[in-house]
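Here the structure comes first, spelled out in structure tokens, and everything after it is commentary.
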Amino acid sequence: MAKLITVFGATGTQGGAVANALLEDQDFKVRAVTRNASSDKAKALQAKGAEVVTASLDDPSTLGPALQDAHGVFVLTNYWEHMDQEREIKQGKAIADAAKAAGVLHVVFSGLENVQKIAGFPCPHFDAKGQIEEYMTSIELPVTFVRYSSFYENYISSLKPQKQKDGTYVLGVPMEGAAMDIVSAADMGPAVRTIFKNRAQWIRKAVGFSGDRITIQQTADILSKHLAPKVFKASDMTAEAFAQLRFPGADDLGNMFKFYRLHNPDRSVELTRQLHPAAKSFDTWVAENKEVLQKSLD
């Protein structure tokens, strides 16, 4: 009998990829959780066979019904929606408690490391998820933690290369020459599906997703190759200088890049490809998304 998986954030990038991958597999049924069941993305999931329900991590009374009779649940919390660490921790604890109460057999949580604890400096959007992981472990939840790397897709949005006066484009990622793990968020739905299919193998483990591990200059070279005649180059900015930029969350992101560089968090291209052999390298992803990348820059 098909196992029911409740997917939070089912109309977003991570949750959407998970919901769609599960819907392609007859071993699973999907209950897609959204705050707006009438959105186009929600309707598209419904058309593919998902049960669409409304619930909110800010309203614990909605969580029990969303988890009723579910074998598993995919959960993510979104710090950047409200930039409130305590609120994110509260959301994570609420869904953990609800999953425990509902007897869910497999929770897959999109977590991250507790940077404050590991490195001694704050990184709120990591630290909140790290504390949620710790709470889930403390209540003995049957959980697998999946830790995403920075997304390829960010180069179309939040990390879009910035055009310079000389016509070149700079990648504003302050890794100071160090390599960084990156991954296609859209690619990881099948990897999460593999984890749900092999519960016994992955329960109470953490999996670091990576599609590629390259320096920012190598990233720039790949973009230059596919988007010629445009030329891309790495930023010479330090993480400390990035943290001083005047936009909300700059200090948080600056510390994230510092953590990536100094503490080399555990992400594995090899393990990611075991879970999803078709996971794309950055080179392949850029080749396949050349038009959308060009459009974002023009």
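Each chain in the structure tokens gets a letter, A, B, ..., in the order shown, and its residues are numbered from 1; ligands are numbered from 1 in order too.
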
Review point. Residues at most 7 Å from Ser210 in chain A, counting only C-alpha atoms, excluding those fewer than 4 positions away in the same chain, as a list of chain:residue names?
Key: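 Counting only C-alpha atoms, the residues come to A:Ser149, A:Asp181, A:Ile182, A:Val183, A:Arg267, A:Ser268, A:Val269, A:Thr272.
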
Store the residues picked out above, limited to C-alpha atoms, as a PDB file, in the first residue's frame.
ATOM      1  CA  SER A 149      24.218  23.548   0.256  1.00  0.00           C
ATOM      2  CA  ASP A 181      29.473  23.156  -1.999  1.00  0.00           C
ATOM      3  CA  ILE A 182      26.506  24.053  -4.192  1.00  0.00           C
ATOM      4  CA  VAL A 183      23.484  22.084  -5.365  1.00  0.00           C
ATOM      5  CA  ARG A 267      28.414  17.979   2.382  1.00  0.00           C
ATOM      6  CA  SER A 268      29.061  15.119  -0.015  1.00  0.00           C
ATOM      7  CA  VAL A 269      28.840  15.054  -3.815  1.00  0.00           C
ATOM      8  CA  THR A 272      24.278  12.940  -3.010  1.00  0.00           C
TER       9      THR A 272
END

DSSP-assigned strand (DSSP E) among range 40-177 of chain A, expressed as a PDB file with all heavy atoms, in the first residue's frame:
ATOM      1  N   GLU A  51      -3.082  15.421  -2.460  1.00  0.00           N
ATOM      2  CA  GLU A  51      -4.116  15.994  -1.591  1.00  0.00           C
ATOM      3  C   GLU A  51      -3.549  17.310  -1.070  1.00  0.00           C
ATOM      4  O   GLU A  51      -2.470  17.330  -0.497  1.00  0.00           O
ATOM      5  CB  GLU A  51      -4.397  15.038  -0.431  1.00  0.00           C
ATOM      6  CG  GLU A  51      -5.327  15.588   0.633  1.00  0.00           C
ATOM      7  CD  GLU A  51      -5.295  14.795   1.938  1.00  0.00           C
ATOM      8  OE1 GLU A  51      -4.587  13.761   2.005  1.00  0.00           O
ATOM      9  OE2 GLU A  51      -5.970  15.224   2.892  1.00  0.00           O
ATOM     10  N   VAL A  52      -4.245  18.402  -1.298  1.00  0.00           N
ATOM     11  CA  VAL A  52      -3.752  19.713  -0.879  1.00  0.00           C
ATOM     12  C   VAL A  52      -4.510  20.171   0.356  1.00  0.00           C
ATOM     13  O   VAL A  52      -5.743  20.187   0.369  1.00  0.00           O
ATOM     14  CB  VAL A  52      -3.878  20.757  -2.014  1.00  0.00           C
ATOM     15  CG1 VAL A  52      -3.444  22.138  -1.525  1.00  0.00           C
ATOM     16  CG2 VAL A  52      -3.022  20.340  -3.214  1.00  0.00           C
ATOM     17  N   VAL A  53      -3.769  20.521   1.408  1.00  0.00           N
ATOM     18  CA  VAL A  53      -4.382  20.991   2.645  1.00  0.00           C
ATOM     19  C   VAL A  53      -3.709  22.291   3.089  1.00  0.00           C
ATOM     20  O   VAL A  53      -2.560  22.564   2.726  1.00  0.00           O
ATOM     21  CB  VAL A  53      -4.268  19.948   3.786  1.00  0.00           C
ATOM     22  CG1 VAL A  53      -4.938  18.633   3.392  1.00  0.00           C
ATOM     23  CG2 VAL A  53      -2.808  19.708   4.168  1.00  0.00           C
ATOM     24  N   THR A  54      -4.425  23.078   3.858  1.00  0.00           N
ATOM     25  CA  THR A  54      -3.836  24.311   4.399  1.00  0.00           C
ATOM     26  C   THR A  54      -3.455  24.087   5.862  1.00  0.00           C
ATOM     27  O   THR A  54      -4.198  23.469   6.628  1.00  0.00           O
ATOM     28  CB  THR A  54      -4.818  25.491   4.298  1.00  0.00           C
ATOM     29  OG1 THR A  54      -6.042  25.133   4.927  1.00  0.00           O
ATOM     30  CG2 THR A  54      -5.090  25.856   2.852  1.00  0.00           C
ATOM     31  N   GLY A  72       5.149   9.489   6.753  1.00  0.00           N
ATOM     32  CA  GLY A  72       6.310  10.362   6.845  1.00  0.00           C
ATOM     33  C   GLY A  72       5.938  11.811   6.615  1.00  0.00           C
ATOM     34  O   GLY A  72       4.824  12.136   6.195  1.00  0.00           O
ATOM     35  N   VAL A  73       6.902  12.694   6.922  1.00  0.00           N
ATOM     36  CA  VAL A  73       6.681  14.127   6.697  1.00  0.00           C
ATOM     37  C   VAL A  73       8.008  14.778   6.300  1.00  0.00           C
ATOM     38  O   VAL A  73       9.060  14.469   6.866  1.00  0.00           O
ATOM     39  CB  VAL A  73       6.071  14.818   7.948  1.00  0.00           C
ATOM     40  CG1 VAL A  73       6.937  14.628   9.183  1.00  0.00           C
ATOM     41  CG2 VAL A  73       5.840  16.313   7.698  1.00  0.00           C
ATOM     42  N   PHE A  74       7.934  15.637   5.289  1.00  0.00           N
ATOM     43  CA  PHE A  74       9.078  16.479   4.928  1.00  0.00           C
ATOM     44  C   PHE A  74       8.804  17.873   5.463  1.00  0.00           C
ATOM     45  O   PHE A  74       7.763  18.467   5.175  1.00  0.00           O
ATOM     46  CB  PHE A  74       9.268  16.540   3.407  1.00  0.00           C
ATOM     47  CG  PHE A  74      10.396  17.466   2.994  1.00  0.00           C
ATOM     48  CD1 PHE A  74      11.718  17.045   3.096  1.00  0.00           C
ATOM     49  CD2 PHE A  74      10.139  18.752   2.535  1.00  0.00           C
ATOM     50  CE1 PHE A  74      12.770  17.901   2.736  1.00  0.00           C
ATOM     51  CE2 PHE A  74      11.175  19.610   2.173  1.00  0.00           C
ATOM     52  CZ  PHE A  74      12.490  19.180   2.273  1.00  0.00           C
ATOM     53  N   VAL A  75       9.745  18.370   6.251  1.00  0.00           N
ATOM     54  CA  VAL A  75       9.550  19.654   6.932  1.00  0.00           C
ATOM     55  C   VAL A  75      10.691  20.605   6.618  1.00  0.00           C
ATOM     56  O   VAL A  75      11.859  20.216   6.653  1.00  0.00           O
ATOM     57  CB  VAL A  75       9.516  19.464   8.476  1.00  0.00           C
ATOM     58  CG1 VAL A  75       9.233  20.793   9.163  1.00  0.00           C
ATOM     59  CG2 VAL A  75       8.490  18.437   8.882  1.00  0.00           C
ATOM     60  N   HIS A 106       8.586   8.558  10.045  1.00  0.00           N
ATOM     61  CA  HIS A 106       9.823   9.075   9.434  1.00  0.00           C
ATOM     62  C   HIS A 106       9.665  10.562   9.137  1.00  0.00           C
ATOM     63  O   HIS A 106       8.901  10.963   8.259  1.00  0.00           O
ATOM     64  CB  HIS A 106      10.145   8.309   8.148  1.00  0.00           C
ATOM     65  CG  HIS A 106      11.552   8.534   7.659  1.00  0.00           C
ATOM     66  ND1 HIS A 106      12.029   7.991   6.489  1.00  0.00           N
ATOM     67  CD2 HIS A 106      12.597   9.248   8.191  1.00  0.00           C
ATOM     68  CE1 HIS A 106      13.300   8.365   6.320  1.00  0.00           C
ATOM     69  NE2 HIS A 106      13.655   9.119   7.335  1.00  0.00           N
ATOM     70  N   VAL A 107      10.405  11.366   9.864  1.00  0.00           N
ATOM     71  CA  VAL A 107      10.468  12.810   9.628  1.00  0.00           C
ATOM     72  C   VAL A 107      11.757  13.094   8.860  1.00  0.00           C
ATOM     73  O   VAL A 107      12.832  12.632   9.254  1.00  0.00           O
ATOM     74  CB  VAL A 107      10.481  13.594  10.967  1.00  0.00           C
ATOM     75  CG1 VAL A 107      10.636  15.095  10.705  1.00  0.00           C
ATOM     76  CG2 VAL A 107       9.215  13.307  11.763  1.00  0.00           C
ATOM     77  N   VAL A 108      11.655  13.825   7.763  1.00  0.00           N
ATOM     78  CA  VAL A 108      12.844  14.324   7.072  1.00  0.00           C
ATOM     79  C   VAL A 108      12.820  15.839   7.231  1.00  0.00           C
ATOM     80  O   VAL A 108      11.905  16.513   6.753  1.00  0.00           O
ATOM     81  CB  VAL A 108      12.871  13.915   5.584  1.00  0.00           C
ATOM     82  CG1 VAL A 108      14.090  14.536   4.890  1.00  0.00           C
ATOM     83  CG2 VAL A 108      12.917  12.396   5.444  1.00  0.00           C
ATOM     84  N   PHE A 109      13.814  16.353   7.957  1.00  0.00           N
ATOM     85  CA  PHE A 109      13.852  17.787   8.257  1.00  0.00           C
ATOM     86  C   PHE A 109      15.000  18.454   7.519  1.00  0.00           C
ATOM     87  O   PHE A 109      16.144  17.997   7.576  1.00  0.00           O
ATOM     88  CB  PHE A 109      14.021  18.012   9.772  1.00  0.00           C
ATOM     89  CG  PHE A 109      14.198  19.460  10.150  1.00  0.00           C
ATOM     90  CD1 PHE A 109      13.196  20.391   9.877  1.00  0.00           C
ATOM     91  CD2 PHE A 109      15.360  19.906  10.753  1.00  0.00           C
ATOM     92  CE1 PHE A 109      13.364  21.739  10.197  1.00  0.00           C
ATOM     93  CE2 PHE A 109      15.532  21.246  11.094  1.00  0.00           C
ATOM     94  CZ  PHE A 109      14.529  22.170  10.809  1.00  0.00           C
ATOM     95  N   SER A 110      14.700  19.543   6.839  1.00  0.00           N
ATOM     96  CA  SER A 110      15.720  20.326   6.144  1.00  0.00           C
ATOM     97  C   SER A 110      16.431  21.197   7.172  1.00  0.00           C
ATOM     98  O   SER A 110      15.999  22.301   7.488  1.00  0.00           O
ATOM     99  CB  SER A 110      15.074  21.180   5.050  1.00  0.00           C
ATOM    100  OG  SER A 110      16.048  21.934   4.376  1.00  0.00           O
ATOM    101  N   VAL A 143      13.972  10.709  12.853  1.00  0.00           N
ATOM    102  CA  VAL A 143      14.228  11.793  11.910  1.00  0.00           C
ATOM    103  C   VAL A 143      15.508  11.586  11.110  1.00  0.00           C
ATOM    104  O   VAL A 143      16.473  10.982  11.604  1.00  0.00           O
ATOM    105  CB  VAL A 143      14.286  13.157  12.665  1.00  0.00           C
ATOM    106  CG1 VAL A 143      15.429  13.189  13.663  1.00  0.00           C
ATOM    107  CG2 VAL A 143      14.356  14.342  11.712  1.00  0.00           C
ATOM    108  N   THR A 144      15.483  12.043   9.873  1.00  0.00           N
ATOM    109  CA  THR A 144      16.686  12.189   9.057  1.00  0.00           C
ATOM    110  C   THR A 144      16.853  13.673   8.775  1.00  0.00           C
ATOM    111  O   THR A 144      15.904  14.350   8.379  1.00  0.00           O
ATOM    112  CB  THR A 144      16.544  11.443   7.711  1.00  0.00           C
ATOM    113  OG1 THR A 144      16.246  10.077   7.951  1.00  0.00           O
ATOM    114  CG2 THR A 144      17.832  11.554   6.891  1.00  0.00           C
ATOM    115  N   PHE A 145      18.059  14.187   8.997  1.00  0.00           N
ATOM    116  CA  PHE A 145      18.336  15.593   8.701  1.00  0.00           C
ATOM    117  C   PHE A 145      18.972  15.695   7.315  1.00  0.00           C
ATOM    118  O   PHE A 145      19.966  15.006   7.043  1.00  0.00           O
ATOM    119  CB  PHE A 145      19.284  16.192   9.746  1.00  0.00           C
ATOM    120  CG  PHE A 145      18.748  16.114  11.147  1.00  0.00           C
ATOM    121  CD1 PHE A 145      19.458  15.459  12.143  1.00  0.00           C
ATOM    122  CD2 PHE A 145      17.529  16.691  11.475  1.00  0.00           C
ATOM    123  CE1 PHE A 145      18.966  15.379  13.445  1.00  0.00           C
ATOM    124  CE2 PHE A 145      17.032  16.617  12.777  1.00  0.00           C
ATOM    125  CZ  PHE A 145      17.746  15.950  13.756  1.00  0.00           C
ATOM    126  N   VAL A 146      18.393  16.500   6.449  1.00  0.00           N
ATOM    127  CA  VAL A 146      19.014  16.770   5.155  1.00  0.00           C
ATOM    128  C   VAL A 146      19.478  18.219   5.174  1.00  0.00           C
ATOM    129  O   VAL A 146      18.731  19.123   5.519  1.00  0.00           O
ATOM    130  CB  VAL A 146      18.058  16.495   3.969  1.00  0.00           C
ATOM    131  CG1 VAL A 146      17.805  14.995   3.841  1.00  0.00           C
ATOM    132  CG2 VAL A 146      16.744  17.242   4.089  1.00  0.00           C
ATOM    133  N   ARG A 147      20.746  18.420   4.860  1.00  0.00           N
ATOM    134  CA  ARG A 147      21.333  19.759   4.917  1.00  0.00           C
ATOM    135  C   ARG A 147      21.733  20.176   3.499  1.00  0.00           C
ATOM    136  O   ARG A 147      22.650  19.596   2.915  1.00  0.00           O
ATOM    137  CB  ARG A 147      22.537  19.772   5.858  1.00  0.00           C
ATOM    138  CG  ARG A 147      22.150  19.436   7.301  1.00  0.00           C
ATOM    139  CD  ARG A 147      23.374  19.254   8.173  1.00  0.00           C
ATOM    140  NE  ARG A 147      23.013  18.919   9.550  1.00  0.00           N
ATOM    141  CZ  ARG A 147      23.828  18.340  10.424  1.00  0.00           C
ATOM    142  NH1 ARG A 147      25.059  18.027  10.052  1.00  0.00           N
ATOM    143  NH2 ARG A 147      23.428  18.069  11.651  1.00  0.00           N
ATOM    144  N   SER A 150      24.357  25.808  -0.609  1.00  0.00           N
ATOM    145  CA  SER A 150      23.870  26.980  -1.332  1.00  0.00           C
ATOM    146  C   SER A 150      23.323  26.515  -2.686  1.00  0.00           C
ATOM    147  O   SER A 150      23.858  25.588  -3.294  1.00  0.00           O
ATOM    148  CB  SER A 150      25.013  27.967  -1.535  1.00  0.00           C
ATOM    149  OG  SER A 150      24.557  29.150  -2.130  1.00  0.00           O
ATOM    150  N   PHE A 151      22.263  27.131  -3.153  1.00  0.00           N
ATOM    151  CA  PHE A 151      21.570  26.661  -4.352  1.00  0.00           C
ATOM    152  C   PHE A 151      22.169  27.239  -5.638  1.00  0.00           C
ATOM    153  O   PHE A 151      22.458  28.436  -5.709  1.00  0.00           O
ATOM    154  CB  PHE A 151      20.088  27.059  -4.314  1.00  0.00           C
ATOM    155  CG  PHE A 151      19.312  26.506  -3.155  1.00  0.00           C
ATOM    156  CD1 PHE A 151      18.165  27.149  -2.722  1.00  0.00           C
ATOM    157  CD2 PHE A 151      19.704  25.345  -2.500  1.00  0.00           C
ATOM    158  CE1 PHE A 151      17.426  26.658  -1.663  1.00  0.00           C
ATOM    159  CE2 PHE A 151      18.976  24.848  -1.435  1.00  0.00           C
ATOM    160  CZ  PHE A 151      17.827  25.505  -1.015  1.00  0.00           C
ATOM    161  N   GLN A 162      26.606  40.746 -10.475  1.00  0.00           N
ATOM    162  CA  GLN A 162      26.405  42.190 -10.629  1.00  0.00           C
ATOM    163  C   GLN A 162      27.293  42.746 -11.736  1.00  0.00           C
ATOM    164  O   GLN A 162      28.505  42.530 -11.746  1.00  0.00           O
ATOM    165  CB  GLN A 162      26.718  42.896  -9.306  1.00  0.00           C
ATOM    166  CG  GLN A 162      25.791  42.497  -8.163  1.00  0.00           C
ATOM    167  CD  GLN A 162      24.323  42.785  -8.458  1.00  0.00           C
ATOM    168  OE1 GLN A 162      23.963  43.921  -8.759  1.00  0.00           O
ATOM    169  NE2 GLN A 162      23.486  41.755  -8.392  1.00  0.00           N
ATOM    170  N   LYS A 163      26.656  43.475 -12.666  1.00  0.00           N
ATOM    171  CA  LYS A 163      27.379  44.052 -13.796  1.00  0.00           C
ATOM    172  C   LYS A 163      28.254  45.221 -13.335  1.00  0.00           C
ATOM    173  O   LYS A 163      27.809  46.083 -12.574  1.00  0.00           O
ATOM    174  CB  LYS A 163      26.401  44.511 -14.873  1.00  0.00           C
ATOM    175  CG  LYS A 163      27.070  44.844 -16.205  1.00  0.00           C
ATOM    176  CD  LYS A 163      26.039  45.085 -17.286  1.00  0.00           C
ATOM    177  CE  LYS A 163      26.715  45.256 -18.642  1.00  0.00           C
ATOM    178  NZ  LYS A 163      25.729  45.424 -19.736  1.00  0.00           N
ATOM    179  N   TYR A 169      30.908  40.807 -15.079  1.00  0.00           N
ATOM    180  CA  TYR A 169      29.965  40.503 -14.000  1.00  0.00           C
ATOM    181  C   TYR A 169      30.726  39.890 -12.822  1.00  0.00           C
ATOM    182  O   TYR A 169      31.548  38.988 -13.019  1.00  0.00           O
ATOM    183  CB  TYR A 169      28.894  39.513 -14.473  1.00  0.00           C
ATOM    184  CG  TYR A 169      27.927  40.100 -15.472  1.00  0.00           C
ATOM    185  CD1 TYR A 169      28.257  40.170 -16.826  1.00  0.00           C
ATOM    186  CD2 TYR A 169      26.683  40.575 -15.070  1.00  0.00           C
ATOM    187  CE1 TYR A 169      27.373  40.702 -17.752  1.00  0.00           C
ATOM    188  CE2 TYR A 169      25.783  41.108 -15.989  1.00  0.00           C
ATOM    189  CZ  TYR A 169      26.141  41.170 -17.319  1.00  0.00           C
ATOM    190  OH  TYR A 169      25.263  41.705 -18.228  1.00  0.00           O
ATOM    191  N   VAL A 170      30.438  40.388 -11.637  1.00  0.00           N
ATOM    192  CA  VAL A 170      31.103  39.876 -10.437  1.00  0.00           C
ATOM    193  C   VAL A 170      30.142  39.005  -9.627  1.00  0.00           C
ATOM    194  O   VAL A 170      28.974  39.356  -9.427  1.00  0.00           O
ATOM    195  CB  VAL A 170      31.626  41.039  -9.559  1.00  0.00           C
ATOM    196  CG1 VAL A 170      32.004  40.549  -8.160  1.00  0.00           C
ATOM    197  CG2 VAL A 170      32.846  41.681 -10.214  1.00  0.00           C
ATOM    198  N   LEU A 171      30.653  37.847  -9.167  1.00  0.00           N
ATOM    199  CA  LEU A 171      29.896  36.969  -8.276  1.00  0.00           C
ATOM    200  C   LEU A 171      30.198  37.383  -6.844  1.00  0.00           C
ATOM    201  O   LEU A 171      31.314  37.195  -6.364  1.00  0.00           O
ATOM    202  CB  LEU A 171      30.303  35.503  -8.491  1.00  0.00           C
ATOM    203  CG  LEU A 171      29.606  34.731  -9.616  1.00  0.00           C
ATOM    204  CD1 LEU A 171      29.771  35.426 -10.960  1.00  0.00           C
ATOM    205  CD2 LEU A 171      30.151  33.312  -9.694  1.00  0.00           C
TER     206      LEU A 171
END

Practice item. Using only C-alpha atoms, pick whichever of A:Cys123, A:Val207, A:Ile216, A:Ala101 has the shortest atom-to-atom distance to Ile139 in chain A. Key: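 Among the listed residues, A:Ala101 lies closest to Ile139 in chain A.
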
Check your understanding: Which distance in Å separates CA of Val18 in chain A and CA of Met256 in chain A, to one decimal?
Key ->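 The value is 25.1 Å.
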
**Study point:** Which residue of A:Ala47, A:Ile132, A:Ile5, A:Ala186 approaches Glu88 in chain A most closely, using only C-alpha atoms
**Key:** A:Ile132

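Residues in contact range of Ala228 in chain A, defined as at most 12 Å between only C-alpha atoms, with sequence neighbours fewer than 2 positions away removed, read Thr168, Tyr169, Ala220, Asp221, Ile222, Leu223, Ser224, Lys225, His226, Lys230, Val231, Phe232, Ala287, Lys290, Leu293 and Gln294 of chain A.
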
Check your understanding: Which residues come within 9 Å of range 21-35 of chain A, counting only C-alpha atoms, excluding same-chain residues fewer than 3 positions away, as a PyMOL selection string?
Key -> chain A and resi 1-11+15-18+42+45-46+48-56+66-67+70+188-193+197

Exercise for review: Could you find all residues in range 180-272 of chain A that DSSP calls alpha helix (DSSP H) from the backbone, and write them as an MDAnalysis selection string?
Suggested key: chainID A and resid 189:197 199:202 216:226 239:243 250:263 269:272

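One finds CA of Lys100 in chain A at 14.7 Å from CA of Thr62 in chain A.
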